[in-house]
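Raw contents of entry14.cif, mmCIF, C-alpha atoms:
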data_data
#
loop_
_atom_site.label_atom_id
_atom_site.label_comp_id
_atom_site.auth_asym_id
_atom_site.auth_seq_id
_atom_site.Cartn_x
_atom_site.Cartn_y
_atom_site.Cartn_z
CA MET A 1 17.17 8.18 -17.92
CA LEU A 2 17.61 4.44 -18.44
CA PHE A 3 19.69 3.13 -21.34
CA LYS A 4 19.81 -0.43 -22.64
CA TYR A 5 23.27 -1.54 -23.79
CA ASN A 6 24.92 -4.48 -25.55
CA GLY A 7 28.65 -5.01 -25.74
CA PHE A 8 31.65 -6.94 -24.48
CA GLY A 9 33.43 -6.98 -21.13
CA LYS A 10 37.21 -6.88 -20.66
CA ASP A 11 37.20 -10.70 -20.58
CA GLY A 12 35.67 -10.83 -24.06
CA LYS A 13 32.28 -12.10 -22.88
CA LYS A 14 29.04 -10.53 -24.04
CA ALA A 15 27.59 -7.96 -21.67
CA SER A 16 24.10 -6.50 -21.76
CA GLY A 17 21.75 -4.75 -19.39
CA SER A 18 20.47 -1.34 -18.35
CA ILE A 19 22.24 1.67 -16.88
CA GLU A 20 20.95 4.96 -15.56
CA ALA A 21 22.58 8.16 -16.84
CA LEU A 22 21.80 11.80 -17.54
CA HIS A 23 22.32 11.39 -21.30
CA LYS A 24 23.81 9.03 -23.90
CA GLN A 25 27.38 10.34 -23.54
CA ASP A 26 27.15 9.98 -19.76
CA ALA A 27 25.98 6.36 -20.15
CA THR A 28 28.90 5.63 -22.51
CA SER A 29 31.39 7.09 -20.03
CA LYS A 30 29.98 5.05 -17.16
CA LEU A 31 30.11 1.84 -19.17
CA ARG A 32 33.68 2.60 -20.27
CA ALA A 33 34.62 3.07 -16.61
CA LYS A 34 33.29 -0.45 -15.99
CA ASN A 35 35.50 -1.77 -18.83
CA ILE A 36 32.55 -2.51 -21.09
CA PHE A 37 33.01 -2.00 -24.84
CA VAL A 38 29.66 -0.73 -26.14
CA GLN A 39 28.21 -2.05 -29.40
CA SER A 40 24.72 -0.57 -29.09
CA LEU A 41 23.18 1.88 -26.66
CA LYS A 42 19.51 2.86 -26.76
CA GLU A 43 17.31 4.82 -24.40
CA GLN A 44 14.58 2.72 -22.76
CA LYS A 45 11.47 4.71 -23.52
CA PRO A 46 8.42 4.24 -21.31
CA SER A 47 5.49 2.33 -22.75
CA ALA A 48 2.07 3.77 -23.47
CA PHE A 49 0.90 2.38 -20.14
CA ALA A 50 3.66 4.29 -18.37
CA ASP A 51 2.50 7.48 -20.06
CA PHE A 52 -1.06 6.76 -18.97
CA SER A 53 0.10 6.54 -15.35
CA PHE A 54 1.96 9.87 -15.67
CA ARG A 55 5.27 7.94 -15.60
CA LYS A 56 5.03 7.41 -11.92
CA LYS A 57 7.82 5.25 -10.57
CA GLU A 58 6.79 1.80 -9.47
CA SER A 59 6.93 1.09 -5.75
CA ILE A 60 9.35 -1.64 -4.76
CA LYS A 61 7.75 -4.74 -3.28
CA THR A 62 7.99 -5.04 0.49
CA LYS A 63 9.34 -8.58 0.31
CA ALA A 64 12.09 -7.59 -2.14
CA LEU A 65 13.10 -4.61 0.00
CA ALA A 66 13.22 -6.81 3.11
CA GLN A 67 15.45 -9.35 1.35
CA LEU A 68 17.78 -6.62 0.07
CA SER A 69 18.04 -5.07 3.56
CA ARG A 70 18.87 -8.46 5.05
CA ASP A 71 21.56 -9.20 2.47
CA LEU A 72 23.18 -5.79 2.85
CA ALA A 73 23.20 -6.13 6.65
CA ILE A 74 24.97 -9.51 6.33
CA TYR A 75 27.56 -8.08 3.92
CA ILE A 76 28.29 -5.04 6.10
CA ASN A 77 28.64 -7.18 9.26
CA ALA A 78 31.09 -9.37 7.30
CA GLY A 79 33.27 -6.33 6.64
CA ILE A 80 32.21 -5.80 3.01
CA SER A 81 31.78 -2.20 1.88
CA ILE A 82 28.33 -1.00 0.85
CA VAL A 83 29.49 -0.59 -2.79
CA ASN A 84 30.69 -4.18 -3.02
CA GLY A 85 27.61 -5.32 -1.09
CA ILE A 86 25.36 -3.74 -3.73
CA ARG A 87 27.36 -5.44 -6.51
CA LEU A 88 27.07 -8.81 -4.76
CA ALA A 89 23.32 -8.27 -4.36
CA THR A 90 23.04 -7.45 -8.08
CA ASN A 91 24.23 -10.96 -8.95
CA GLN A 92 21.20 -12.43 -7.17
CA TYR A 93 18.80 -10.49 -9.41
CA SER A 94 20.30 -11.33 -12.82
CA ASN A 95 16.87 -12.55 -14.01
CA ASP A 96 15.02 -9.48 -12.69
CA LYS A 97 15.78 -6.61 -15.10
CA LYS A 98 13.99 -3.99 -13.02
CA MET A 99 15.78 -4.90 -9.80
CA SER A 100 19.11 -5.16 -11.62
CA ALA A 101 18.64 -1.68 -13.06
CA PHE A 102 17.76 -0.41 -9.57
CA LEU A 103 20.92 -1.87 -8.00
CA ASN A 104 23.14 -0.84 -10.91
CA SER A 105 21.83 2.70 -10.57
CA ILE A 106 22.68 2.74 -6.86
CA ALA A 107 26.15 1.31 -7.56
CA THR A 108 26.75 4.00 -10.19
CA HIS A 109 25.85 6.80 -7.77
CA LEU A 110 28.04 5.25 -5.07
CA ASP A 111 30.96 5.16 -7.53
CA GLU A 112 30.39 8.87 -8.13
CA GLY A 113 30.96 9.53 -4.43
CA LYS A 114 27.39 9.77 -3.17
CA SER A 115 26.38 8.24 0.16
CA PHE A 116 24.08 5.22 0.27
CA SER A 117 21.11 7.36 1.29
CA GLY A 118 21.99 9.89 -1.42
CA SER A 119 22.15 7.09 -3.99
CA LEU A 120 18.71 5.85 -2.94
CA GLU A 121 17.33 9.36 -3.41
CA ALA A 122 19.05 9.83 -6.79
CA GLN A 123 17.97 6.56 -8.45
CA GLU A 124 14.90 6.76 -10.67
CA VAL A 125 13.86 3.13 -10.97
CA TYR A 126 11.81 2.48 -7.83
CA THR A 127 9.92 4.60 -5.35
CA LEU A 128 11.15 3.73 -1.86
CA PRO A 129 9.18 4.26 1.39
CA PHE A 130 9.99 7.55 3.11
CA PHE A 131 10.75 5.89 6.44
CA PHE A 132 13.24 3.52 4.75
CA ARG A 133 15.16 6.33 3.07
CA GLN A 134 15.22 8.48 6.19
CA SER A 135 16.20 5.57 8.44
CA ILE A 136 19.17 4.85 6.17
CA LYS A 137 20.17 8.52 6.22
CA VAL A 138 20.04 8.73 10.02
CA SER A 139 21.88 5.43 10.45
CA GLU A 140 24.71 6.55 8.13
CA ASP A 141 25.19 9.72 10.17
CA GLY A 142 25.40 7.65 13.37
CA GLY A 143 27.43 4.74 11.97
CA LEU A 144 24.59 2.28 12.61
CA LEU A 145 23.80 1.19 9.06
CA ALA A 146 24.04 -2.59 9.65
CA ASP A 147 21.91 -2.45 12.83
CA VAL A 148 19.22 -0.33 11.19
CA LEU A 149 19.14 -2.59 8.11
CA GLU A 150 18.57 -5.61 10.36
CA GLU A 151 15.71 -3.86 12.17
CA LEU A 152 14.22 -2.69 8.87
CA THR A 153 14.33 -6.28 7.63
CA LYS A 154 12.25 -7.43 10.62
CA TYR A 155 9.79 -4.57 10.19
CA LEU A 156 9.36 -5.09 6.43
CA LYS A 157 8.88 -8.85 6.86
CA THR A 158 6.21 -8.18 9.49
CA GLN A 159 4.42 -5.72 7.19
CA ASP A 160 4.58 -8.17 4.27
CA LYS A 161 3.18 -10.97 6.44
CA MET A 162 0.34 -8.77 7.72
CA GLY A 163 -0.53 -7.66 4.19
CA LYS A 164 -0.74 -11.26 2.99
CA GLN A 165 -2.92 -12.23 5.97
CA VAL A 166 -5.38 -9.40 5.25
CA LYS A 167 -5.53 -10.28 1.53
CA SER A 168 -6.07 -13.94 2.36
CA ALA A 169 -8.84 -13.12 4.85
CA LEU A 170 -10.64 -10.86 2.35
CA THR A 171 -10.38 -13.26 -0.60
CA TYR A 172 -13.45 -15.39 0.20
CA PRO A 173 -15.85 -12.52 1.12
CA GLY A 174 -14.58 -10.56 -1.89
CA PHE A 175 -15.19 -13.49 -4.23
CA ILE A 176 -18.73 -13.97 -2.89
CA MET A 177 -19.51 -10.27 -3.29
CA ILE A 178 -18.22 -10.11 -6.87
CA PHE A 179 -20.07 -13.32 -7.77
CA ALA A 180 -23.27 -11.93 -6.23
CA VAL A 181 -23.10 -8.69 -8.20
CA LEU A 182 -22.43 -10.55 -11.45
CA MET A 183 -25.24 -13.05 -10.82
CA ILE A 184 -27.81 -10.38 -9.91
CA SER A 185 -26.78 -8.27 -12.91
CA ALA A 186 -27.10 -11.28 -15.22
CA MET A 187 -30.59 -12.04 -13.90
CA MET A 188 -31.70 -8.42 -14.33
CA ILE A 189 -30.24 -8.07 -17.84
CA PHE A 190 -30.92 -11.50 -19.38
CA VAL A 191 -33.52 -13.41 -17.34
CA VAL A 192 -36.03 -10.70 -16.38
CA PRO A 193 -36.57 -9.42 -19.99
CA GLU A 194 -37.43 -12.97 -21.14
CA ILE A 195 -40.11 -13.31 -18.46
CA THR A 196 -41.36 -9.76 -19.11
CA SER A 197 -42.36 -10.75 -22.65
CA ILE A 198 -44.78 -13.29 -21.13
CA PHE A 199 -46.37 -10.59 -18.96
CA ASP A 200 -46.83 -8.35 -22.01
CA GLN A 201 -48.91 -11.10 -23.66
CA MET A 202 -51.09 -11.41 -20.54
CA GLY A 203 -52.12 -7.76 -20.76
CA LYS A 204 -52.84 -7.54 -17.03
CA GLU A 205 -51.74 -4.96 -14.47
CA LEU A 206 -48.62 -6.16 -12.68
CA PRO A 207 -47.98 -6.06 -8.91
CA GLY A 208 -45.84 -3.18 -7.63
CA ILE A 209 -42.72 -5.21 -6.84
CA THR A 210 -42.87 -6.88 -10.26
CA GLN A 211 -43.11 -3.53 -12.04
CA PHE A 212 -40.24 -2.21 -9.90
CA THR A 213 -38.03 -5.17 -10.89
CA ILE A 214 -38.90 -4.73 -14.57
CA ASP A 215 -38.13 -0.98 -14.41
CA MET A 216 -34.79 -1.71 -12.74
CA SER A 217 -34.00 -4.27 -15.44
CA ASP A 218 -34.83 -1.80 -18.21
CA PHE A 219 -32.71 0.86 -16.53
CA LEU A 220 -29.69 -1.48 -16.22
CA ILE A 221 -30.00 -2.63 -19.84
CA ALA A 222 -30.17 0.95 -21.10
CA TYR A 223 -27.52 2.55 -18.87
CA TRP A 224 -25.22 -0.21 -17.59
CA HIS A 225 -22.24 1.17 -19.54
CA LEU A 226 -22.84 4.68 -18.14
CA LEU A 227 -23.17 3.33 -14.61
CA LEU A 228 -19.95 1.32 -14.91
CA GLY A 229 -18.06 4.21 -16.54
CA GLY A 230 -19.42 6.68 -13.99
CA PHE A 231 -18.39 4.46 -11.08
CA ILE A 232 -14.86 4.05 -12.42
CA ALA A 233 -14.58 7.78 -13.14
CA LEU A 234 -15.84 8.81 -9.69
CA PHE A 235 -13.60 6.29 -7.95
CA SER A 236 -10.55 7.47 -9.91
CA LEU A 237 -11.38 11.13 -9.24
CA PHE A 238 -11.83 10.42 -5.55
CA LYS A 239 -8.44 8.66 -5.35
CA PHE A 240 -6.77 11.52 -7.22
CA LEU A 241 -8.28 14.19 -4.96
CA ILE A 242 -7.40 12.23 -1.81
CA ALA A 243 -3.81 11.93 -3.02
CA THR A 244 -3.40 15.59 -4.04
CA ASN A 245 -5.66 17.57 -1.67
CA ALA A 246 -4.34 17.55 1.91
CA LYS A 247 -7.50 19.13 3.40
CA LEU A 248 -9.78 16.59 1.71
CA ARG A 249 -7.50 13.74 2.81
CA TYR A 250 -7.54 15.03 6.40
CA GLY A 251 -11.34 15.36 6.38
CA PHE A 252 -11.81 11.85 4.96
CA ASP A 253 -9.38 10.34 7.49
CA LYS A 254 -11.18 12.14 10.31
CA PHE A 255 -14.50 10.78 9.07
CA MET A 256 -13.10 7.23 8.95
CA LEU A 257 -11.91 7.52 12.56
CA LYS A 258 -15.45 8.42 13.65
CA MET A 259 -17.04 5.40 11.96
CA PRO A 260 -18.27 2.62 14.28
CA LEU A 261 -15.94 -0.40 14.42
CA PHE A 262 -13.75 0.83 11.53
CA GLY A 263 -12.56 3.89 13.48
CA VAL A 264 -11.27 1.79 16.37
CA MET A 265 -9.62 -0.67 13.98
CA ILE A 266 -7.85 2.13 12.09
CA GLU A 267 -6.62 3.86 15.26
CA THR A 268 -5.43 0.60 16.81
CA SER A 269 -3.57 -0.32 13.63
CA GLU A 270 -1.89 3.08 13.39
CA LEU A 271 -0.83 3.16 17.06
CA GLY A 272 0.57 -0.36 16.75
CA ARG A 273 2.52 0.60 13.63
CA PHE A 274 3.87 3.76 15.28
CA SER A 275 4.91 1.84 18.41
CA TYR A 276 6.71 -0.85 16.41
CA MET A 277 8.55 1.63 14.20
CA ILE A 278 9.76 3.95 16.95
CA SER A 279 10.82 1.06 19.21
CA MET A 280 12.81 -0.33 16.29
CA LEU A 281 14.49 3.03 15.67
CA LEU A 282 15.30 3.49 19.37
CA ARG A 283 16.91 0.03 19.48
CA SER A 284 19.02 1.07 16.49
CA GLY A 285 20.29 4.18 18.29
CA VAL A 286 18.17 6.76 16.46
CA PRO A 287 17.44 9.85 18.66
CA PHE A 288 13.95 9.89 20.18
CA VAL A 289 12.75 13.07 18.45
CA GLN A 290 13.89 11.83 15.04
CA GLY A 291 12.22 8.52 15.80
CA ILE A 292 8.89 10.26 16.44
CA THR A 293 9.15 12.23 13.19
CA LEU A 294 10.07 9.20 11.09
CA SER A 295 7.42 7.00 12.69
CA ALA A 296 4.72 9.63 12.15
CA ARG A 297 5.52 9.70 8.43
CA ILE A 298 4.77 5.99 7.93
CA LEU A 299 1.19 6.30 9.21
CA ASN A 300 -1.60 6.14 6.63
CA ASN A 301 -4.12 8.21 8.58
CA SER A 302 -3.20 11.90 8.27
CA VAL A 303 -5.09 12.85 11.47
CA ILE A 304 -3.04 10.55 13.71
CA SER A 305 0.12 11.35 11.74
CA ASN A 306 -0.40 15.07 12.43
CA VAL A 307 -0.95 14.36 16.13
CA PHE A 308 2.51 12.77 16.43
CA ALA A 309 4.14 15.36 14.14
CA ASN A 310 2.81 18.17 16.36
CA ALA A 311 3.89 16.29 19.47
CA SER A 312 7.45 15.92 18.12
CA VAL A 313 7.72 19.72 17.92
CA LYS A 314 6.83 20.02 21.61
CA VAL A 315 9.31 17.27 22.50
CA VAL A 316 12.04 19.27 20.71
CA GLU A 317 11.11 22.22 22.91
CA GLY A 318 11.74 20.10 26.02
CA GLY A 319 8.30 18.64 26.70
CA LYS A 320 7.30 15.01 27.17
CA LEU A 321 5.57 12.99 24.48
CA SER A 322 2.76 11.90 26.80
CA GLN A 323 2.02 15.50 27.80
CA ALA A 324 2.11 16.65 24.18
CA LEU A 325 -0.33 13.92 23.12
CA ALA A 326 -2.67 14.72 26.02
CA VAL A 327 -3.26 18.31 24.83
CA GLU A 328 -3.80 17.52 21.16
CA LYS A 329 -7.21 18.28 19.65
CA TYR A 330 -7.66 14.69 18.52
CA GLN A 331 -7.20 12.39 21.51
CA VAL A 332 -5.62 9.02 20.79
CA ASP A 333 -6.28 6.02 23.05
CA LYS A 334 -5.83 7.11 26.70
CA SER A 335 -4.20 3.82 27.66
CA PHE A 336 -1.55 4.52 25.00
CA ILE A 337 -0.78 7.92 26.50
CA GLN A 338 -0.63 6.44 30.01
CA ALA A 339 1.78 3.74 28.83
CA ILE A 340 4.01 6.38 27.20
CA ALA A 341 4.00 8.41 30.43
CA LEU A 342 5.01 5.30 32.41
CA GLY A 343 7.84 4.60 30.00
CA GLU A 344 9.10 8.17 30.28
CA GLU A 345 9.07 8.00 34.09
CA THR A 346 10.83 4.63 34.30
CA SER A 347 13.23 5.17 31.33
CA GLU A 348 11.86 1.96 29.77
CA LEU A 349 10.14 3.67 26.85
CA GLU A 350 11.61 1.44 24.13
CA LYS A 351 10.55 -1.73 25.92
CA ILE A 352 7.04 -0.42 26.63
CA LEU A 353 6.60 0.70 23.02
CA SER A 354 7.65 -2.73 21.81
CA ASN A 355 5.08 -4.35 24.13
CA LEU A 356 2.41 -1.89 22.96
CA SER A 357 3.02 -2.81 19.32
CA GLU A 358 2.44 -6.49 20.12
CA LEU A 359 -0.69 -5.77 22.18
CA TYR A 360 -2.22 -3.54 19.49
CA ALA A 361 -1.38 -6.08 16.77
CA GLU A 362 -3.12 -8.87 18.70
CA ASP A 363 -6.07 -6.63 19.53
CA ASN A 364 -6.52 -5.61 15.91
CA ASP A 365 -6.20 -9.20 14.68
CA ASP A 366 -9.10 -10.17 16.98
CA ARG A 367 -11.21 -7.27 15.71
CA VAL A 368 -10.52 -8.07 12.05
CA ARG A 369 -11.28 -11.75 12.64
CA ASN A 370 -14.58 -10.91 14.35
CA PHE A 371 -15.49 -8.46 11.60
CA LEU A 372 -14.83 -11.02 8.86
CA SER A 373 -16.83 -13.67 10.72
CA LEU A 374 -19.80 -11.25 10.68
CA LEU A 375 -19.19 -10.11 7.10
CA GLU A 376 -19.63 -13.54 5.49
CA PRO A 377 -23.19 -14.22 6.77
CA ILE A 378 -24.18 -10.61 5.99
CA ILE A 379 -23.06 -11.07 2.39
CA MET A 380 -24.86 -14.40 2.15
CA VAL A 381 -28.08 -12.84 3.45
CA PHE A 382 -27.71 -9.98 0.94
CA VAL A 383 -27.18 -12.41 -1.95
CA GLY A 384 -30.04 -14.69 -0.92
CA GLY A 385 -32.38 -11.78 -0.27
CA SER A 386 -31.63 -10.08 -3.61
CA VAL A 387 -32.05 -13.26 -5.66
CA GLY A 388 -35.17 -14.22 -3.68
CA PHE A 389 -36.70 -10.78 -4.28
CA ILE A 390 -36.16 -11.02 -8.04
CA ILE A 391 -37.59 -14.55 -8.24
CA ALA A 392 -40.59 -13.69 -6.05
CA SER A 393 -41.39 -10.56 -8.07
CA MET A 394 -41.35 -12.59 -11.30
CA LEU A 395 -43.46 -15.46 -9.93
CA LEU A 396 -46.07 -13.30 -8.20
CA PRO A 397 -48.03 -12.40 -11.40
CA ILE A 398 -48.02 -16.07 -12.46
CA PHE A 399 -49.45 -17.17 -9.10
CA SER A 400 -52.10 -14.43 -9.22
CA MET A 401 -53.11 -15.57 -12.73
CA ASN A 402 -53.81 -19.10 -11.48
CA LEU A 403 -55.97 -17.93 -8.57
#

Let me see the structure of the file written as structure tokens.
Amino acid sequence: MLFKYNGFGKDGKKASGSIEALHKQDATSKLRAKNIFVQSLKEQKPSAFADFSFRKKESIKTKALAQLSRDLAIYINAGISIVNGIRLATNQYSNDKKMSAFLNSIATHLDEGKSFSGSLEAQEVYTLPFFFRQSIKVSEDGGLLADVLEELTKYLKTQDKMGKQVKSALTYPGFIMIFAVLMISAMMIFVVPEITSIFDQMGKELPGITQFTIDMSDFLIAYWHLLLGGFIALFSLFKFLIATNAKLRYGFDKFMLKMPLFGVMIETSELGRFSYMISMLLRSGVPFVQGITLSARILNNSVISNVFANASVKVVEGGKLSQALAVEKYQVDKSFIQAIALGEETSELEKILSNLSELYAEDNDDRVRNFLSLLEPIIMVFVGGSVGFIIASMLLPIFSMNL
């Protein structure tokens, strides 16, 4: 639980903030150990919005995690202990209450004798990526914490940059699509009924496309709230089932891999991410089998993730990764398997995986760029065609009246 406190430090200055503890007495003891005289101590209860989201912990931002990893790597390389490094990092986030609570929680668990990885697991402020937590755990066991933190910094910065590029690329098409839906809906709900009243006064039979447009307008006016509510409900239910039902998630991911264009983009992205992650772990001294397992867990597509997870079991039994991938039910890119086999034969696997990650990243960037270049004119044609159809269907009876 999180507790908010106000008090005085040993120097007489006011001290306030948040601390994580099992109960109120535990929070008081921890503050006393930090030489803080407590004036008030209250539990920070979650808001109504937190209850609505089932009190799920917020995921830490990739950029913030990258910056923290970089700072800790610098401190450790300078000979500063991880406990003092966390305290130094806390000073940089004095204006960020959430991040301060996160770092204070880690510092508290470290003071209690837990390892850094154990402290990350025990804190209840942020949800951390699985690969980050496991990479820290493996690096602590091998005495490679600073090296792994540096590699994680590079990886997280790359992921943050890619995410921003995708969002930036999708902004314009997304804006056009939203504007188109709003404009068409406004025409159907507000403009078409006004013109329909004129047709009612004419008392003539309307053309088929005009009657269709009027019927669609009446339907939207009568049921727009049900349509909107139904869409939101179905979308939320779908997301919930995908997150909780492993079989449904696997089936959906398999379907996505079979889709034209999108399937290749998804597989290329996942193979590039796997290659980057495992090459980073190998450079940091993480054993190959552990690297496969950790890298498989960061993949979004459960089908490809299962392929590598199954392959890691065969590698543990003494087999080669390339051979294990070759006999899997779902076959990943053959050139990827051939490259892995070459790396295993020449003992240059880390270097080849690093090159593969760059090649797949460039390849996927080209595909995404080409897709977006096609998407914009398609959306424009859709918008123009929809608006043109509505206008034509409304003008057709007027033209026929003047003939």

* To do: Check the smallest atom-to-atom distance from each of A:Arg70, A:Gly9, A:Val83, A:Lys61 to Thr153 in chain A using only C-alpha atoms, then report the winner.
  =>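 Among A:Arg70, A:Gly9, A:Val83, A:Lys61, it is A:Arg70 that comes nearest to Thr153 in chain A.
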
* Given the choices A:Ile337, A:Thr108, A:Ile82, A:Lys247, which gets closest to Ser29 in chain A if the distance is worked out from only C-alpha atoms? ->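 Once distances to Ser29 in chain A are computed over only C-alpha atoms, the minimum belongs to A:Thr108.
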
* Asked: Around (15.6, 9.0, 4.7) in the file's frame, which residues reach within 12 Å when counting only C-alpha atoms? Return as a ChimeraX atom specification?
  -> /A:115-121,128-141,148,290-291,293-295,297-298

* Asked: From the set A:Ala180, A:Met99, A:Leu65, A:Leu149, which residue has the shortest atom-to-atom contact distance to Val387 in chain A, counting only C-alpha atoms?
  ->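 The closest residue to Val387 in chain A is A:Ala180.
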
What would the selection look like, as a short mmCIF file (atom, residue, chain, number, x, y, z; two decimals) with C-alpha atoms, keeping the file's coordinate frame, if the PyMOL selection byres ((chain A and resi 71) around 12) were run on the coordinates I just shared?
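For reference, out-v4.cif as written:
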data_model
loop_
_atom_site.label_atom_id
_atom_site.label_comp_id
_atom_site.auth_asym_id
_atom_site.auth_seq_id
_atom_site.Cartn_x
_atom_site.Cartn_y
_atom_site.Cartn_z
CA ALA A 64 12.09 -7.59 -2.14
CA LEU A 65 13.10 -4.61 0.00
CA ALA A 66 13.22 -6.81 3.11
CA GLN A 67 15.45 -9.35 1.35
CA LEU A 68 17.78 -6.62 0.07
CA SER A 69 18.04 -5.07 3.56
CA ARG A 70 18.87 -8.46 5.05
CA LEU A 72 23.18 -5.79 2.85
CA ALA A 73 23.20 -6.13 6.65
CA ILE A 74 24.97 -9.51 6.33
CA TYR A 75 27.56 -8.08 3.92
CA ILE A 76 28.29 -5.04 6.10
CA ASN A 77 28.64 -7.18 9.26
CA ALA A 78 31.09 -9.37 7.30
CA ILE A 80 32.21 -5.80 3.01
CA ILE A 82 28.33 -1.00 0.85
CA ASN A 84 30.69 -4.18 -3.02
CA GLY A 85 27.61 -5.32 -1.09
CA ILE A 86 25.36 -3.74 -3.73
CA ARG A 87 27.36 -5.44 -6.51
CA LEU A 88 27.07 -8.81 -4.76
CA ALA A 89 23.32 -8.27 -4.36
CA THR A 90 23.04 -7.45 -8.08
CA ASN A 91 24.23 -10.96 -8.95
CA GLN A 92 21.20 -12.43 -7.17
CA ALA A 146 24.04 -2.59 9.65
CA LEU A 149 19.14 -2.59 8.11
CA GLU A 150 18.57 -5.61 10.36
CA LEU A 152 14.22 -2.69 8.87
CA THR A 153 14.33 -6.28 7.63
#

* Expand the PyMOL selection byres ((chain A and resi 359) around 12) into the individual residues it matches in the shown file, reporting them as a PyMOL selection string. => chain A and resi 268-269+271-273+275-276+335-336+339+352-358+360-366

Could those selected residues go to a file with C-alpha atoms, as a CSV table (one decimal), in the frame of the given file?
chain,number,residue,atom,x,y,z
A,268,THR,CA,-5.4,0.6,16.8
A,269,SER,CA,-3.6,-0.3,13.6
A,271,LEU,CA,-0.8,3.2,17.1
A,272,GLY,CA,0.6,-0.4,16.8
A,273,ARG,CA,2.5,0.6,13.6
A,275,SER,CA,4.9,1.8,18.4
A,276,TYR,CA,6.7,-0.8,16.4
A,335,SER,CA,-4.2,3.8,27.7
A,336,PHE,CA,-1.6,4.5,25.0
A,339,ALA,CA,1.8,3.7,28.8
A,352,ILE,CA,7.0,-0.4,26.6
A,353,LEU,CA,6.6,0.7,23.0
A,354,SER,CA,7.6,-2.7,21.8
A,355,ASN,CA,5.1,-4.4,24.1
A,356,LEU,CA,2.4,-1.9,23.0
A,357,SER,CA,3.0,-2.8,19.3
A,358,GLU,CA,2.4,-6.5,20.1
A,360,TYR,CA,-2.2,-3.5,19.5
A,361,ALA,CA,-1.4,-6.1,16.8
A,362,GLU,CA,-3.1,-8.9,18.7
A,363,ASP,CA,-6.1,-6.6,19.5
A,364,ASN,CA,-6.5,-5.6,15.9
A,365,ASP,CA,-6.2,-9.2,14.7
A,366,ASP,CA,-9.1,-10.2,17.0
